[in-house]
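Source file: upload-v3.pdb (PDB, C-alpha atoms and all ligand atoms)
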MODEL        1
ATOM      1  CA  MET A   1     -10.242   6.488 -16.770
ATOM      2  CA  ILE A   2     -12.315   8.757 -14.531
ATOM      3  CA  ILE A   3     -12.665   7.912 -10.841
ATOM      4  CA  ALA A   4     -15.370   9.785  -8.913
ATOM      5  CA  ILE A   5     -15.170   9.873  -5.115
ATOM      6  CA  ASP A   6     -17.922  11.433  -3.028
ATOM      7  CA  GLY A   7     -18.773  11.586   0.638
ATOM      8  CA  PRO A   8     -19.347  13.873   3.612
ATOM      9  CA  ALA A   9     -16.688  16.101   5.222
ATOM     10  CA  ALA A  10     -13.769  14.297   6.885
ATOM     11  CA  ALA A  11     -14.775  10.793   5.781
ATOM     12  CA  GLY A  12     -11.307  10.178   4.322
ATOM     13  CA  LYS A  13     -12.116  10.710   0.642
ATOM     14  CA  GLY A  14      -9.293  13.204   0.078
ATOM     15  CA  THR A  15      -6.670  10.792   1.424
ATOM     16  CA  LEU A  16      -8.093   7.964  -0.674
ATOM     17  CA  ALA A  17      -8.312  10.108  -3.822
ATOM     18  CA  ARG A  18      -4.704  11.277  -3.471
ATOM     19  CA  ARG A  19      -3.449   7.729  -2.906
ATOM     20  CA  LEU A  20      -5.353   6.373  -5.910
ATOM     21  CA  ALA A  21      -4.080   9.186  -8.151
ATOM     22  CA  GLU A  22      -0.515   8.474  -7.050
ATOM     23  CA  LYS A  23      -0.859   4.705  -7.485
ATOM     24  CA  PHE A  24      -2.210   4.921 -11.048
ATOM     25  CA  ASP A  25      -0.406   8.146 -12.006
ATOM     26  CA  TYR A  26      -3.682   9.979 -12.646
ATOM     27  CA  ALA A  27      -4.406  13.680 -12.173
ATOM     28  CA  TYR A  28      -6.156  14.621  -8.915
ATOM     29  CA  LEU A  29      -8.719  17.365  -8.346
ATOM     30  CA  ASP A  30      -9.956  18.268  -4.856
ATOM     31  CA  THR A  31     -13.225  19.936  -5.918
ATOM     32  CA  GLY A  32     -13.967  21.071  -2.349
ATOM     33  CA  ALA A  33     -10.998  23.440  -2.709
ATOM     34  CA  LEU A  34     -12.899  25.310  -5.450
ATOM     35  CA  TYR A  35     -15.887  25.880  -3.152
ATOM     36  CA  ARG A  36     -13.531  26.729  -0.282
ATOM     37  CA  ALA A  37     -11.754  29.331  -2.455
ATOM     38  CA  VAL A  38     -15.085  31.047  -3.152
ATOM     39  CA  GLY A  39     -15.954  30.955   0.568
ATOM     40  CA  LEU A  40     -12.527  32.285   1.562
ATOM     41  CA  SER A  41     -12.614  35.138  -0.920
ATOM     42  CA  LEU A  42     -15.891  36.305   0.662
ATOM     43  CA  LEU A  43     -14.514  35.994   4.196
ATOM     44  CA  ASN A  44     -11.354  37.908   3.170
ATOM     45  CA  ALA A  45     -13.506  40.686   1.703
ATOM     46  CA  GLY A  46     -15.535  40.862   4.935
ATOM     47  CA  LYS A  47     -18.646  39.619   3.116
ATOM     48  CA  SER A  48     -21.195  37.106   4.323
ATOM     49  CA  PRO A  49     -21.337  33.593   2.765
ATOM     50  CA  THR A  50     -25.047  34.298   2.290
ATOM     51  CA  ASP A  51     -24.261  37.204  -0.083
ATOM     52  CA  GLU A  52     -25.278  35.489  -3.339
ATOM     53  CA  ALA A  53     -24.152  38.242  -5.724
ATOM     54  CA  ALA A  54     -20.681  38.380  -4.130
ATOM     55  CA  ALA A  55     -20.385  34.568  -4.196
ATOM     56  CA  ILE A  56     -21.371  34.394  -7.872
ATOM     57  CA  ALA A  57     -18.877  37.149  -8.757
ATOM     58  CA  ALA A  58     -16.105  35.365  -6.802
ATOM     59  CA  SER A  59     -16.837  32.046  -8.552
ATOM     60  CA  CYS A  60     -16.314  33.705 -11.964
ATOM     61  CA  ASP A  61     -12.908  35.054 -11.076
ATOM     62  CA  LEU A  62     -11.016  32.929  -8.540
ATOM     63  CA  ASP A  63      -7.686  34.270  -7.343
ATOM     64  CA  PRO A  64      -5.160  31.362  -7.753
ATOM     65  CA  SER A  65      -3.258  32.457  -4.614
ATOM     66  CA  LEU A  66      -6.260  31.369  -2.503
ATOM     67  CA  PHE A  67      -5.383  27.715  -3.188
ATOM     68  CA  SER A  68      -2.090  27.960  -1.313
ATOM     69  CA  ASP A  69      -3.509  30.046   1.555
ATOM     70  CA  PRO A  70      -3.464  27.980   4.805
ATOM     71  CA  ALA A  71      -6.835  29.588   5.691
ATOM     72  CA  LEU A  72      -8.362  27.497   2.873
ATOM     73  CA  ARG A  73      -8.395  24.532   5.325
ATOM     74  CA  ALA A  74      -9.899  26.420   8.285
ATOM     75  CA  GLU A  75     -13.228  25.258   9.730
ATOM     76  CA  ALA A  76     -14.769  28.677   9.047
ATOM     77  CA  THR A  77     -13.803  28.378   5.377
ATOM     78  CA  GLY A  78     -15.354  24.887   5.162
ATOM     79  CA  SER A  79     -18.546  26.196   6.646
ATOM     80  CA  ALA A  80     -18.611  29.214   4.258
ATOM     81  CA  ALA A  81     -17.916  26.820   1.348
ATOM     82  CA  SER A  82     -20.868  24.680   2.329
ATOM     83  CA  GLN A  83     -23.110  27.782   2.377
ATOM     84  CA  ILE A  84     -22.074  29.204  -1.013
ATOM     85  CA  ALA A  85     -22.292  25.661  -2.461
ATOM     86  CA  SER A  86     -26.085  25.838  -2.336
ATOM     87  CA  ILE A  87     -26.154  28.694  -4.897
ATOM     88  CA  PRO A  88     -26.910  27.178  -8.341
ATOM     89  CA  ALA A  89     -25.003  29.863 -10.331
ATOM     90  CA  VAL A  90     -21.876  29.254  -8.220
ATOM     91  CA  ARG A  91     -22.170  25.507  -8.879
ATOM     92  CA  SER A  92     -22.581  25.951 -12.622
ATOM     93  CA  ASN A  93     -19.574  28.300 -12.786
ATOM     94  CA  LEU A  94     -17.384  25.762 -10.966
ATOM     95  CA  LEU A  95     -18.822  22.827 -12.925
ATOM     96  CA  LYS A  96     -17.176  23.813 -16.203
ATOM     97  CA  TYR A  97     -13.675  23.647 -14.744
ATOM     98  CA  GLN A  98     -14.348  20.239 -13.150
ATOM     99  CA  VAL A  99     -15.830  18.685 -16.303
ATOM    100  CA  ASN A 100     -12.942  20.007 -18.369
ATOM    101  CA  PHE A 101     -10.414  18.620 -15.856
ATOM    102  CA  SER A 102     -11.994  15.155 -15.956
ATOM    103  CA  ASN A 103     -12.192  15.046 -19.756
ATOM    104  CA  SER A 104      -8.722  16.486 -20.375
ATOM    105  CA  PRO A 105      -6.557  15.780 -17.321
ATOM    106  CA  PRO A 106      -3.466  18.002 -17.059
ATOM    107  CA  GLU A 107      -0.055  16.741 -18.212
ATOM    108  CA  ASN A 108      -1.815  14.311 -20.561
ATOM    109  CA  LYS A 109      -2.384  11.895 -17.686
ATOM    110  CA  ALA A 110      -4.286   8.739 -18.613
ATOM    111  CA  GLY A 111      -6.924   9.341 -15.973
ATOM    112  CA  ALA A 112      -8.369  11.686 -13.373
ATOM    113  CA  VAL A 113      -9.530  11.245  -9.789
ATOM    114  CA  LEU A 114     -11.999  13.855  -8.528
ATOM    115  CA  ASP A 115     -13.372  14.037  -5.013
ATOM    116  CA  GLY A 116     -16.305  16.064  -3.735
ATOM    117  CA  ARG A 117     -20.025  15.750  -3.089
ATOM    118  CA  ASP A 118     -21.622  15.469  -6.552
ATOM    119  CA  ILE A 119     -18.875  13.966  -8.711
ATOM    120  CA  GLY A 120     -20.577  10.621  -9.412
ATOM    121  CA  THR A 121     -24.028  12.155  -9.746
ATOM    122  CA  VAL A 122     -23.500  15.470 -11.608
ATOM    123  CA  VAL A 123     -19.894  16.292 -12.564
ATOM    124  CA  CYS A 124     -18.936  12.869 -13.978
ATOM    125  CA  PRO A 125     -22.096  10.764 -14.269
ATOM    126  CA  ASN A 126     -20.240   8.564 -16.776
ATOM    127  CA  ALA A 127     -17.201   7.988 -14.556
ATOM    128  CA  ASP A 128     -15.626   4.548 -14.987
ATOM    129  CA  ARG A 129     -15.609   4.008 -11.247
ATOM    130  CA  LYS A 130     -17.580   5.690  -8.455
ATOM    131  CA  LEU A 131     -16.901   5.401  -4.753
ATOM    132  CA  PHE A 132     -18.880   6.806  -1.831
ATOM    133  CA  ILE A 133     -16.807   7.132   1.328
ATOM    134  CA  THR A 134     -18.564   7.662   4.606
ATOM    135  CA  ALA A 135     -18.060   7.433   8.395
ATOM    136  CA  SER A 136     -20.179   8.264  11.435
ATOM    137  CA  ALA A 137     -20.435  11.955  12.351
ATOM    138  CA  GLU A 138     -18.761  11.230  15.726
ATOM    139  CA  GLU A 139     -15.794   9.509  14.070
ATOM    140  CA  ARG A 140     -15.391  12.368  11.571
ATOM    141  CA  ALA A 141     -15.545  14.985  14.345
ATOM    142  CA  ARG A 142     -12.969  12.992  16.320
ATOM    143  CA  ARG A 143     -10.622  13.035  13.285
ATOM    144  CA  ARG A 144     -11.087  16.770  12.717
ATOM    145  CA  THR A 145     -10.364  17.419  16.408
ATOM    146  CA  ALA A 146      -7.155  15.348  16.220
ATOM    147  CA  GLU A 147      -6.086  17.111  12.990
ATOM    148  CA  ILE A 148      -6.518  20.573  14.540
ATOM    149  CA  GLU A 149      -4.724  19.545  17.732
ATOM    150  CA  ALA A 150      -1.867  18.068  15.673
ATOM    151  CA  ARG A 151      -1.386  21.540  14.147
ATOM    152  CA  GLY A 152      -0.958  22.861  17.700
ATOM    153  CA  ASP A 153      -4.345  24.629  17.775
ATOM    154  CA  ALA A 154      -7.100  24.246  20.371
ATOM    155  CA  ALA A 155     -10.130  22.188  19.293
ATOM    156  CA  ASN A 156     -13.517  21.665  20.906
ATOM    157  CA  PHE A 157     -14.972  18.243  20.014
ATOM    158  CA  ALA A 158     -18.582  19.178  20.815
ATOM    159  CA  ALA A 159     -18.441  22.332  18.652
ATOM    160  CA  ILE A 160     -16.799  20.394  15.810
ATOM    161  CA  LEU A 161     -19.437  17.644  16.005
ATOM    162  CA  THR A 162     -22.184  20.287  15.785
ATOM    163  CA  ASP A 163     -20.441  21.805  12.755
ATOM    164  CA  VAL A 164     -19.999  18.394  11.042
ATOM    165  CA  LYS A 165     -23.712  17.650  11.501
ATOM    166  CA  ALA A 166     -24.748  21.112  10.259
ATOM    167  CA  ARG A 167     -22.520  20.718   7.200
ATOM    168  CA  ASP A 168     -23.958  17.232   6.464
ATOM    169  CA  ALA A 169     -27.492  18.584   6.700
ATOM    170  CA  ARG A 170     -26.707  21.512   4.364
ATOM    171  CA  ASP A 171     -24.798  19.368   1.855
ATOM    172  CA  MET A 172     -27.432  16.593   1.774
ATOM    173  CA  ASN A 173     -30.543  18.749   1.773
ATOM    174  CA  ARG A 174     -29.722  21.484  -0.745
ATOM    175  CA  LYS A 175     -31.833  21.462  -3.905
ATOM    176  CA  ASP A 176     -28.999  21.655  -6.434
ATOM    177  CA  SER A 177     -26.669  18.619  -6.609
ATOM    178  CA  PRO A 178     -27.081  17.364  -3.023
ATOM    179  CA  LEU A 179     -24.612  14.950  -1.472
ATOM    180  CA  LYS A 180     -25.835  11.417  -2.155
ATOM    181  CA  PRO A 181     -24.299   8.176  -3.408
ATOM    182  CA  ALA A 182     -24.638   7.532  -7.149
ATOM    183  CA  GLU A 183     -26.654   4.376  -7.798
ATOM    184  CA  ASP A 184     -23.578   2.595  -9.167
ATOM    185  CA  ALA A 185     -21.164   3.733  -6.427
ATOM    186  CA  LEU A 186     -19.244   1.332  -4.199
ATOM    187  CA  LEU A 187     -19.989   2.339  -0.594
ATOM    188  CA  LEU A 188     -17.147   2.136   1.930
ATOM    189  CA  ASP A 189     -17.496   3.078   5.601
ATOM    190  CA  THR A 190     -14.252   4.254   7.189
ATOM    191  CA  THR A 191     -15.709   3.957  10.695
ATOM    192  CA  ILE A 192     -15.224   0.211  10.286
ATOM    193  CA  LEU A 193     -12.412  -0.017   7.729
ATOM    194  CA  ASP A 194      -9.080   1.743   8.209
ATOM    195  CA  ILE A 195      -7.657   3.814   5.368
ATOM    196  CA  ASP A 196      -5.318   1.023   4.181
ATOM    197  CA  ALA A 197      -8.206  -1.441   3.930
ATOM    198  CA  VAL A 198     -10.302   1.158   2.062
ATOM    199  CA  PHE A 199      -7.391   1.834  -0.284
ATOM    200  CA  LEU A 200      -6.933  -1.888  -1.085
ATOM    201  CA  ARG A 201     -10.663  -2.331  -1.772
ATOM    202  CA  ALA A 202     -10.661   0.756  -4.000
ATOM    203  CA  VAL A 203      -7.559  -0.385  -5.938
ATOM    204  CA  GLU A 204      -9.192  -3.764  -6.702
ATOM    205  CA  PHE A 205     -12.400  -2.009  -7.718
ATOM    206  CA  VAL A 206     -10.563   0.347 -10.098
ATOM    207  CA  LYS A 207      -8.379  -2.414 -11.565
ATOM    208  CA  ALA A 208     -11.466  -4.441 -12.411
ATOM    209  CA  ALA A 209     -12.627  -1.584 -14.676
ATOM    210  CA  MET A 210      -9.361  -1.460 -16.608
ATOM    211  CA  PRO A 211      -9.268  -2.876 -20.125
TER     212      PRO A 211
HETATM  213  O1  LIG B   1     -14.655  18.558   0.803
HETATM  214  P1  LIG B   1     -14.601  19.907   1.546
HETATM  215  O2  LIG B   1     -14.861  19.789   3.016
HETATM  216  O3  LIG B   1     -13.345  20.630   1.260
HETATM  217  O4  LIG B   1     -15.808  20.767   0.900
HETATM  218  C1  LIG B   1     -16.203  22.027   1.417
HETATM  219  C2  LIG B   1     -17.649  22.306   1.021
HETATM  220  O5  LIG B   1     -17.739  22.527  -0.388
HETATM  221  C3  LIG B   1     -18.648  21.195   1.322
HETATM  222  O6  LIG B   1     -19.190  21.287   2.620
HETATM  223  C4  LIG B   1     -19.703  21.387   0.254
HETATM  224  C5  LIG B   1     -18.965  22.013  -0.895
HETATM  225  N1  LIG B   1     -18.697  21.089  -1.999
HETATM  226  C6  LIG B   1     -19.727  20.831  -2.873
HETATM  227  O7  LIG B   1     -20.841  21.324  -2.690
HETATM  228  N2  LIG B   1     -19.518  20.044  -3.967
HETATM  229  C7  LIG B   1     -18.326  19.474  -4.188
HETATM  230  N3  LIG B   1     -18.138  18.713  -5.280
HETATM  231  C8  LIG B   1     -17.252  19.702  -3.278
HETATM  232  C9  LIG B   1     -17.490  20.493  -2.171
ENDMDL
END

For this file, produce the structure as structure tokens.
Amino acid sequence: MIIAIDGPAAAGKGTLARRLAEKFDYAYLDTGALYRAVGLSLLNAGKSPTDEAAAIAASCDLDPSLFSDPALRAEATGSAASQIASIPAVRSNLLKYQVNFSNSPPENKAGAVLDGRDIGTVVCPNADRKLFITASAEERARRRTAEIEARGDAANFAAILTDVKARDARDMNRKDSPLKPAEDALLLDTTILDIDAVFLRAVEFVKAAMP
């Protein structure tokens, strides 16, 4: 069973994906973390996220320690990830790992849940279930602001909203694998539905695809 979850930044897809993986005992892959790791390795090396050659080199040889670095979750890393994500050679390097994960989930799990931007359209076009999770830009910026403040850091809502909108525009308008719902995806808007309601809808949707 392959479950593909796509949507814009901070729509709640990571929380949903993790909860579904736990409920059904499937493997979970946060594909955004792969793009973030490439972005972070450039930032750590003092390189620009627009440096294509450096981004391609980083995507061939990702340092595993980047995945446990708290800076992976920083806004600057998300923004760098969104920039390097428009480079086709970076995408094709990261694609192999994602396809392999979905076809052969670790620990012999009976299924895999992947979340990202192009899972239902490019990475797993034959996924058993596809979900597209969205929310208004204002609601997503409000959540990001609350998350940052909960960590004890200062957050500026207006700057975060500008960043969310810039990231949406980049992710939706790039030529290679843009963010868009797959034709057969179930669309859920978390501006209206809370995460528990979204989870219940998703569980029913997944169960209906089980043999
Ligand atoms: O989900 P996230 O915020 O961690 O993703 C960071 C960036 O990585 C996102 O803005 C675009 C890119 N990304 C992508 O292009 N394709 C994916 N499947 C996942 C993420």

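When the distance limit is 10 Å and only C-alpha atoms are what count, the residues near segment 18-27 of chain A, minus those fewer than 6 positions from it on the same chain, are A:Met1, A:Ile2, A:Ile3, A:Phe101, A:Ser102, A:Ser104, A:Pro105, A:Pro106, A:Glu107, A:Asn108, A:Lys109, A:Ala110, A:Gly111, A:Ala112, A:Val113, A:Leu114, A:Asp115, A:Asp196, A:Phe199, A:Leu200, A:Ala202, A:Val203, A:Val206, A:Lys207.
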
Report task. Enumerate residues in contact with ligand LIG 1 (chain B): an atom-to-atom distance of at most 8 Å, counting only C-alpha atoms and all ligand atoms. Format the result as number ranges by chain. Result -> A: 6, 8-10, 14, 30-36, 73, 77-86, 91, 115-119, 123, 167-168, 170-171, 177-179

Tell me, as a PDB file with C-alpha atoms, in the coordinates of the input, which residues lie within 12 Å of Asn44 of chain A, counting only C-alpha atoms; anything in the same chain fewer than 4 positions away does not count.
ATOM      1  CA  ARG A  36     -13.531  26.729  -0.282  1.00  0.00           C
ATOM      2  CA  ALA A  37     -11.754  29.331  -2.455  1.00  0.00           C
ATOM      3  CA  VAL A  38     -15.085  31.047  -3.152  1.00  0.00           C
ATOM      4  CA  GLY A  39     -15.954  30.955   0.568  1.00  0.00           C
ATOM      5  CA  LEU A  40     -12.527  32.285   1.562  1.00  0.00           C
ATOM      6  CA  SER A  48     -21.195  37.106   4.323  1.00  0.00           C
ATOM      7  CA  PRO A  49     -21.337  33.593   2.765  1.00  0.00           C
ATOM      8  CA  ALA A  54     -20.681  38.380  -4.130  1.00  0.00           C
ATOM      9  CA  ALA A  58     -16.105  35.365  -6.802  1.00  0.00           C
ATOM     10  CA  ASP A  63      -7.686  34.270  -7.343  1.00  0.00           C
ATOM     11  CA  LEU A  66      -6.260  31.369  -2.503  1.00  0.00           C
ATOM     12  CA  ASP A  69      -3.509  30.046   1.555  1.00  0.00           C
ATOM     13  CA  ALA A  71      -6.835  29.588   5.691  1.00  0.00           C
ATOM     14  CA  LEU A  72      -8.362  27.497   2.873  1.00  0.00           C
ATOM     15  CA  ALA A  76     -14.769  28.677   9.047  1.00  0.00           C
ATOM     16  CA  THR A  77     -13.803  28.378   5.377  1.00  0.00           C
ATOM     17  CA  ALA A  80     -18.611  29.214   4.258  1.00  0.00           C
TER      18      ALA A  80
END

**Report entry** Distance query Pro88 of chain A at most 12 Å, all atoms listed in the file, self and fewer than 5 positions along chain excluded, as a ChimeraX atom specification
**Finding:** /A:52-53,55-56,59,83,93-95,174-178

Report summary line: If you count all atoms listed in the file, the residue of A:Ile192, A:Ala182, A:Ala74, A:Tyr97 closest to Ala127 of chain A turns out to be A:Ala182

Report task. With a distance cut-off of 7 Å and all atoms listed in the file, select the neighbouring residues of Leu186 of chain A, excluding the residue or stretch itself and same-chain residues fewer than 4 positions from it, and output the selection as a PyMOL selection string. Result -> chain A and resi 130-132

Requested in this report: State, in Å with one decimal place, the distance from atom CA of Glu183 of chain A to atom CA of Ile133 of chain A.
Outcome: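 Computing it gives 13.7 Å between the two atoms.
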
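Atom to atom, atom CA of Ile87 of chain A and atom CA of Ala17 of chain A stand 25.8 Å apart.
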
Report task. Find the spatial neighbours of Glu139 of chain A, counting only C-alpha atoms, within a cut-off of 9 Å - ignore same-chain residues fewer than 3 positions away - and output them as a list in words. Result ->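 The residues that qualify are Ala10, Ala11, Ala135, Ser136, Arg142, Arg143, Arg144, Thr190 and Thr191 of chain A.
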